[in-house]
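J.: Let me give you the structure first, and then I'll get to my questions.
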Amino acid sequence: MKIKVAILVTGLLLSLSTIPANASTFSIPDTGHGSFIVTNETTGKSVKIPLDVSSHTSTPTDQSGRITGHATVRISAKTLVDIGAITKQEAEHLSATRSSSGSASNTVYPVTANVGMEWTLYGSGSSQTVKISRVFGSFTKSYPTSIYNISLVARQGMNGVVLSKSPTSASFSYQTGWTPVKLVRGSWDPYALLRAKIAPDGMGSNDISVTYFPFFKLR
């Protein structure tokens with residue numbers, strides 16, 4: 001997504017006569033004032049953003065006393081929506097909490113099974129969407145044990161897309177390639193389920209399973 005806006009600095013920011021020639025860094029004095037105008041170059045629609053004087057400094061660049069001004073400007077996604085530079089949906093994507101992940105584990109002696117997901121949330125409330133980007137898991141054992149019939153099943157949500165794998169190693173990770181879908185609580189929660197048969201040396205076989213619901217606490 002490309003965003004093209006023009007930023008115009010307006011107002012009296014600083015009088016050069018107030019700056020000592022030998023100073024290295026200056027904060028704009030309390031008398032400084034001004035604003036930033038953010039303009040959509042396509043539509044011409046503009047929004048004025050008040051200038052935060054505490055975020056500005058001015059520094060002489062050479063012996064001639066020329067001044068270079070520096071500023072940190074924070075433009076919210078809402079401002080970009082207001083001028084028509086991006087859509088509301090794009091704003092939700094900008095405010096996403098990225099690369100969140102979690103996992104769950106279960107132990108049936110002498111094996112511990114772990115399964116987890118990595119996801120991105122977009123938006124909030126009833127319009128919230130989720131993208132599960134990765135599903136991972138592992139088995140660890142504290143006693144020599146055969147692990148077989150491994151099955152991994154993961155679902156993203158109400159679109160019914162399912163990842164079904166039969167891992168062949170004790171540690172695994174799969175990229176899903178899924179796109180975002182609406183996040184719905186309850187029976188359509190995203191989940192990951194890992195199951196296997198375990199057979200400790202000299203003992204009988206047993207089943208082990210673990211399920212991870214990343215948004216269970218959000219209900």
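Labels used: A, B, ... for chains in the order of the structure tokens, numbers from 1 for residues in each chain, and numbers from 1 for ligands as shown.
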What's the 8 Å shell around range 145-156 of chain A, counting only C-alpha atoms, without same-chain residues fewer than 5 positions away, as JSON, numbers by chain?

T.: {"A": [110, 111, 130, 131, 132, 135, 161, 162, 163, 164, 165, 166, 167, 168, 181, 189, 190, 191, 192, 193, 194, 195, 196, 197, 198, 199, 200, 201]}

J.: From the list A:Ile49, A:Ile83, A:Val184, A:Tyr174, which residue is nearest Val115 in chain A when using only C-alpha atoms?

T.: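 Of all the options, A:Tyr174 lies closest to Val115 in chain A.
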
J.: Between CA of Ser46 in chain A and CA of Ile86 in chain A, what is the distance in Å, rounded to a tenth?

T.: 13.4 Å

J.: Within 7 Å of Val47 in chain A, counting only C-alpha atoms, which residues show up once you throw out same-chain ones fewer than 3 positions away? Write them as a ChimeraX atom specification, please.

T.: /A:37-39,83
